[in-house]
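Peer 1: Below you will find the structure I want to go over with you.
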Amino acid sequence: MSSNSALLQPITLGQISLANRMVMAPLTRCRAGEGNVPTDLMVEYYRQRASAGLIISEATQIMPEGQGYPSTPGIHSAEQIAGWKKITSAVHAAGGKMVLQLWHVGRVSHSSFQPGGKLPVAPSAIAIAGEGRTADFSKAPYETPRALELAELPGIVATYVQAAKNAIEAGFDGVEIHAANGYLLDEFLRDGTNHRDDAYGGSLENRFRLIREVVEAVTAAVGADRTGIRISPLQPANGMSDSNPWSTFSYVVKELAAYPLAYLHVAGMGSDQPGAAGPHFDLNDLRPLWPGKLMVNYHYTQASGEAAIAEGHADAVAYGVPFIANPDLVNRIRLDAPWNEADASTFYGGDSKGYTDYPIYSG
Ligand SMILES: Cc1cc2nc3c(=O)[nH]c(=O)nc-3n(C[C@H](O)[C@H](O)[C@H](O)COP(=O)(O)O)c2cc1C
């Protein structure tokens with residue numbers, strides 16, 4: 001028994017009190033229904049995982065233009081809000097807590113997702129090399145996005161705010177602003193994707209401006225103590241790079257420190273990835289710059305998660321793939337039980353197979 005595990009100690013993130021420090025990381029599973037509305041199968045999936053101290057929802061588009069993968073849920077229509085309500089009710093009834101991850105994919109989208117078949121939008125008209133997904137699950141080369149006009153940016157910020165309000169209406173305990181993994185906010189931040197020459201490009205202050213505006217507006221609308229943010233300083237996915245990640249992200253963390261956010265979520269990358277998106281630095285070096293609660297993620301095991309907390313590198317640890325395969329991951333930590341392996345072929349799309357049928361530990 002390891003019930004004295006550091007991972008099992010309670011913690012409070014802003015207004016949200018967690019029974020333990022194990023967070024279910026945001027995980028896109030592409031199983032939303034018609035109109036990108038959450039389904040009853042999704043209710044069951046999240047209910048099964050409600051013993052996590054906190055569930056971060058799969059990334060959820062704030063507007064139709066923000067979608068980049070098929071069957072991902074939204075939080076912009078009345079039907080979607082109603083669908084999410086069923087999920088938050090089930091998670092709360094099972095004693096869990098849940099926040100919604102606010103998502104706009106920027107240039108990762110494809111015209112097949114866009115109203116009117118228009119081009120996806122981004123800070124600059126730079127395409128990702130390679131192929132992405134279209135609305136019918138097939139693959140196609142990424143398109144060159146349209147650079148957002150200056151005059152459109154206040155509308156994007158307002159859409160984040162409306163989506164955050166919708167999330168609270170849907171019963172979520174808070175929201176996580178997705179500023180990681182090469183999606184719109186990250187594209188504005190890192191200089192590989194932002195070549196603008198207006199107030200939103202060039203200097204660090206300018207590249208951070210859209211994130212600052214979203215953070216300011218969302219926290220004003222739903223409360224900083226119900227708002228978290230996710231960043232991924234070295235993540236190369238979706239064609240991301242930065243000429244100086246330490247300079248960019250030490251600035252970001254210092255600036256975010258002005259807002260009493262519920263938490264900062266730093267998603268890392270491991271040595272098994274092709275390479276950092278710019279000169280590597282130790283993500284733990286961000287810790288002293290952040291006065292609030294810090295959540296870490298990326299390939300954590302029980303031992304490395306406990307060590308991250310014990311050594312003061314983190315207050316909570318988010319587990320992604322382990323929560324896909326182990327709905328009862330918290331109990332497995334408690335019992336020192338082995339973990340199920342995940343089946344990657346069922347990650348995106350499909351039905352209950354590889355979704356709600358992973359066995360719980362029975363000794
Ligand atoms: C199937 C799958 C879907 C994912 N979807 C999201 C997502 O919606 N939002 C996000 O920020 N990260 C997403 N990620 C990244 C995970 O949150 C996490 O950072 C990654 O799996 C590494 O953590 P782990 O080693 O504990 O799995 C996804 C990863 C996987 C494998």
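Simple scheme: letters A, B, ... for chains in structure tokens order, numbers from 1 for residues in each chain, numbers from 1 for ligands in the order shown.
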To check your reading of the model: which residues sit at most 7 Å from ligand 1 when counting only C-alpha atoms and all ligand atoms? Write the answer as a PDB file with N, CA, C and O atoms, in the first residue's frame.

Peer 2:
```
ATOM      1  N   ALA A  25      -4.808  14.411 -17.700  1.00  0.00           N
ATOM      2  CA  ALA A  25      -4.394  15.396 -18.703  1.00  0.00           C
ATOM      3  C   ALA A  25      -5.465  15.513 -19.787  1.00  0.00           C
ATOM      4  O   ALA A  25      -6.255  14.588 -19.998  1.00  0.00           O
ATOM      5  N   PRO A  26      -5.512  16.638 -20.483  1.00  0.00           N
ATOM      6  CA  PRO A  26      -6.473  16.777 -21.588  1.00  0.00           C
ATOM      7  C   PRO A  26      -6.150  15.785 -22.702  1.00  0.00           C
ATOM      8  O   PRO A  26      -5.003  15.679 -23.131  1.00  0.00           O
ATOM      9  N   LEU A  27      -7.159  15.070 -23.168  1.00  0.00           N
ATOM     10  CA  LEU A  27      -6.943  14.000 -24.148  1.00  0.00           C
ATOM     11  C   LEU A  27      -8.030  14.005 -25.209  1.00  0.00           C
ATOM     12  O   LEU A  27      -9.179  13.621 -24.951  1.00  0.00           O
ATOM     13  N   THR A  28      -7.683  14.447 -26.385  1.00  0.00           N
ATOM     14  CA  THR A  28      -8.591  14.426 -27.530  1.00  0.00           C
ATOM     15  C   THR A  28      -8.886  12.976 -27.911  1.00  0.00           C
ATOM     16  O   THR A  28      -7.969  12.191 -28.108  1.00  0.00           O
ATOM     17  N   ARG A  29     -10.163  12.622 -28.020  1.00  0.00           N
ATOM     18  CA  ARG A  29     -10.513  11.243 -28.349  1.00  0.00           C
ATOM     19  C   ARG A  29     -11.436  11.144 -29.575  1.00  0.00           C
ATOM     20  O   ARG A  29     -11.798  10.044 -29.999  1.00  0.00           O
ATOM     21  N   GLU A  58     -10.871  16.925 -22.630  1.00  0.00           N
ATOM     22  CA  GLU A  58     -10.248  16.972 -23.946  1.00  0.00           C
ATOM     23  C   GLU A  58     -10.378  18.394 -24.484  1.00  0.00           C
ATOM     24  O   GLU A  58     -11.328  19.127 -24.133  1.00  0.00           O
ATOM     25  N   ALA A  59      -9.429  18.805 -25.320  1.00  0.00           N
ATOM     26  CA  ALA A  59      -9.482  20.145 -25.888  1.00  0.00           C
ATOM     27  C   ALA A  59     -10.827  20.340 -26.594  1.00  0.00           C
ATOM     28  O   ALA A  59     -11.299  19.450 -27.300  1.00  0.00           O
ATOM     29  N   HIS A 178      -5.790  26.747 -23.353  1.00  0.00           N
ATOM     30  CA  HIS A 178      -4.826  25.902 -24.069  1.00  0.00           C
ATOM     31  C   HIS A 178      -3.881  26.812 -24.852  1.00  0.00           C
ATOM     32  O   HIS A 178      -4.216  27.285 -25.939  1.00  0.00           O
ATOM     33  N   ALA A 180      -0.743  25.689 -25.544  1.00  0.00           N
ATOM     34  CA  ALA A 180       0.344  24.730 -25.779  1.00  0.00           C
ATOM     35  C   ALA A 180       0.218  24.085 -27.157  1.00  0.00           C
ATOM     36  O   ALA A 180      -0.723  24.359 -27.919  1.00  0.00           O
ATOM     37  N   ASN A 181       1.199  23.250 -27.465  1.00  0.00           N
ATOM     38  CA  ASN A 181       1.138  22.250 -28.538  1.00  0.00           C
ATOM     39  C   ASN A 181       0.899  22.771 -29.952  1.00  0.00           C
ATOM     40  O   ASN A 181       0.382  22.062 -30.808  1.00  0.00           O
ATOM     41  N   ARG A 230      -2.199  26.148 -19.899  1.00  0.00           N
ATOM     42  CA  ARG A 230      -1.215  25.115 -20.273  1.00  0.00           C
ATOM     43  C   ARG A 230      -0.248  25.665 -21.309  1.00  0.00           C
ATOM     44  O   ARG A 230      -0.673  26.264 -22.306  1.00  0.00           O
ATOM     45  N   ALA A 267       3.580  21.344 -19.872  1.00  0.00           N
ATOM     46  CA  ALA A 267       3.694  20.050 -20.542  1.00  0.00           C
ATOM     47  C   ALA A 267       5.088  19.961 -21.150  1.00  0.00           C
ATOM     48  O   ALA A 267       5.523  20.857 -21.875  1.00  0.00           O
ATOM     49  N   ASN A 297       3.580  17.608 -16.593  1.00  0.00           N
ATOM     50  CA  ASN A 297       3.065  16.489 -17.403  1.00  0.00           C
ATOM     51  C   ASN A 297       4.130  16.063 -18.385  1.00  0.00           C
ATOM     52  O   ASN A 297       4.915  16.873 -18.848  1.00  0.00           O
ATOM     53  N   TYR A 298       4.138  14.854 -18.691  1.00  0.00           N
ATOM     54  CA  TYR A 298       4.855  14.192 -19.789  1.00  0.00           C
ATOM     55  C   TYR A 298       5.565  12.939 -19.306  1.00  0.00           C
ATOM     56  O   TYR A 298       6.596  13.007 -18.644  1.00  0.00           O
ATOM     57  N   HIS A 299       4.965  11.820 -19.642  1.00  0.00           N
ATOM     58  CA  HIS A 299       5.580  10.509 -19.402  1.00  0.00           C
ATOM     59  C   HIS A 299       5.921  10.267 -17.944  1.00  0.00           C
ATOM     60  O   HIS A 299       6.923   9.617 -17.656  1.00  0.00           O
ATOM     61  N   TYR A 300       5.142  10.813 -17.037  1.00  0.00           N
ATOM     62  CA  TYR A 300       5.395  10.545 -15.623  1.00  0.00           C
ATOM     63  C   TYR A 300       4.944   9.141 -15.263  1.00  0.00           C
ATOM     64  O   TYR A 300       3.916   8.654 -15.752  1.00  0.00           O
ATOM     65  N   ALA A 318       0.000  15.714 -14.028  1.00  0.00           N
ATOM     66  CA  ALA A 318      -1.031  15.292 -14.980  1.00  0.00           C
ATOM     67  C   ALA A 318      -0.552  14.051 -15.725  1.00  0.00           C
ATOM     68  O   ALA A 318       0.585  13.998 -16.203  1.00  0.00           O
ATOM     69  N   TYR A 319      -1.428  13.058 -15.792  1.00  0.00           N
ATOM     70  CA  TYR A 319      -1.152  11.814 -16.509  1.00  0.00           C
ATOM     71  C   TYR A 319      -2.120  11.722 -17.695  1.00  0.00           C
ATOM     72  O   TYR A 319      -3.336  11.863 -17.505  1.00  0.00           O
ATOM     73  N   GLY A 320      -1.579  11.479 -18.878  1.00  0.00           N
ATOM     74  CA  GLY A 320      -2.407  11.383 -20.069  1.00  0.00           C
ATOM     75  C   GLY A 320      -2.710   9.944 -20.428  1.00  0.00           C
ATOM     76  O   GLY A 320      -3.725   9.358 -20.007  1.00  0.00           O
ATOM     77  N   VAL A 321      -1.817   9.322 -21.181  1.00  0.00           N
ATOM     78  CA  VAL A 321      -2.018   7.942 -21.639  1.00  0.00           C
ATOM     79  C   VAL A 321      -2.325   6.987 -20.469  1.00  0.00           C
ATOM     80  O   VAL A 321      -3.194   6.119 -20.600  1.00  0.00           O
ATOM     81  N   PRO A 322      -1.661   7.151 -19.308  1.00  0.00           N
ATOM     82  CA  PRO A 322      -2.015   6.240 -18.199  1.00  0.00           C
ATOM     83  C   PRO A 322      -3.496   6.322 -17.799  1.00  0.00           C
ATOM     84  O   PRO A 322      -4.085   5.304 -17.432  1.00  0.00           O
ATOM     85  N   PHE A 347      -7.016   5.512 -29.935  1.00  0.00           N
ATOM     86  CA  PHE A 347      -6.949   6.849 -29.313  1.00  0.00           C
ATOM     87  C   PHE A 347      -7.978   7.801 -29.926  1.00  0.00           C
ATOM     88  O   PHE A 347      -8.669   8.515 -29.212  1.00  0.00           O
ATOM     89  N   TYR A 348      -7.999   7.841 -31.260  1.00  0.00           N
ATOM     90  CA  TYR A 348      -8.792   8.876 -31.947  1.00  0.00           C
ATOM     91  C   TYR A 348      -9.936   8.261 -32.741  1.00  0.00           C
ATOM     92  O   TYR A 348      -9.709   7.582 -33.738  1.00  0.00           O
TER      93      TYR A 348
END
```

Peer 1: Restricting the calculation to only C-alpha atoms, which member of A:Phe188, A:Tyr361, A:Trp103, A:Tyr200 is positioned closest to Arg332 of chain A?

Peer 2: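 Looking only at the distances to Arg332 of chain A, the closest residue turns out to be A:Tyr361.
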
Peer 1: Between A:Ala135, A:Val317, A:Val214, A:Val330, which one has atoms that come closest to Ala50 of chain A, using only C-alpha atoms?

Peer 2: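 The shortest atom-to-atom distance to Ala50 of chain A comes from A:Val330.
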
Peer 1: From the options A:Ser71, A:Thr227, A:Thr134, A:Gln302, which residue's atoms come nearest to Ile56 of chain A, counting only C-alpha atoms?

Peer 2: A:Thr227

Peer 1: Could you tell me, as a PyMOL selection string, which residues of segment 49-285 of chain A DSSP assigns to strand (DSSP E) when given the backbone?

Peer 2: chain A and resi 54-61+98-103+121-122+131-133+139-141+146-147+174-178+227-231+263-267

Peer 1: Skipping near chain neighbours, those fewer than 6 positions away, what residues fall within 8 Å of Pro38 of chain A using only C-alpha atoms, listed as an mmCIF file with N, CA and C atoms, in the first residue's frame?

Peer 2:
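The new file around23.cif reads:
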```cif
data_model
loop_
_atom_site.group_PDB
_atom_site.id
_atom_site.type_symbol
_atom_site.label_atom_id
_atom_site.label_comp_id
_atom_site.auth_asym_id
_atom_site.auth_seq_id
_atom_site.Cartn_x
_atom_site.Cartn_y
_atom_site.Cartn_z
ATOM 1 N N ARG A 31 -14.640 11.537 -30.316
ATOM 2 C CA ARG A 31 -15.847 10.713 -30.235
ATOM 3 C C ARG A 31 -17.113 11.543 -29.980
ATOM 4 N N ALA A 32 -17.048 12.835 -30.248
ATOM 5 C CA ALA A 32 -18.256 13.648 -30.069
ATOM 6 C C ALA A 32 -19.283 13.270 -31.135
ATOM 7 N N PRO A 73 -15.345 17.824 -29.469
ATOM 8 C CA PRO A 73 -16.494 18.564 -28.951
ATOM 9 C C PRO A 73 -16.264 20.077 -28.962
ATOM 10 N N GLN A 80 -24.205 21.709 -27.159
ATOM 11 C CA GLN A 80 -22.918 21.291 -26.582
ATOM 12 C C GLN A 80 -22.891 21.557 -25.078
ATOM 13 N N GLY A 83 -24.844 18.948 -23.407
ATOM 14 C CA GLY A 83 -24.117 17.673 -23.413
ATOM 15 C C GLY A 83 -23.042 17.642 -22.333
ATOM 16 N N TRP A 84 -22.303 18.731 -22.211
ATOM 17 C CA TRP A 84 -21.257 18.801 -21.180
ATOM 18 C C TRP A 84 -21.850 18.765 -19.772
#
```
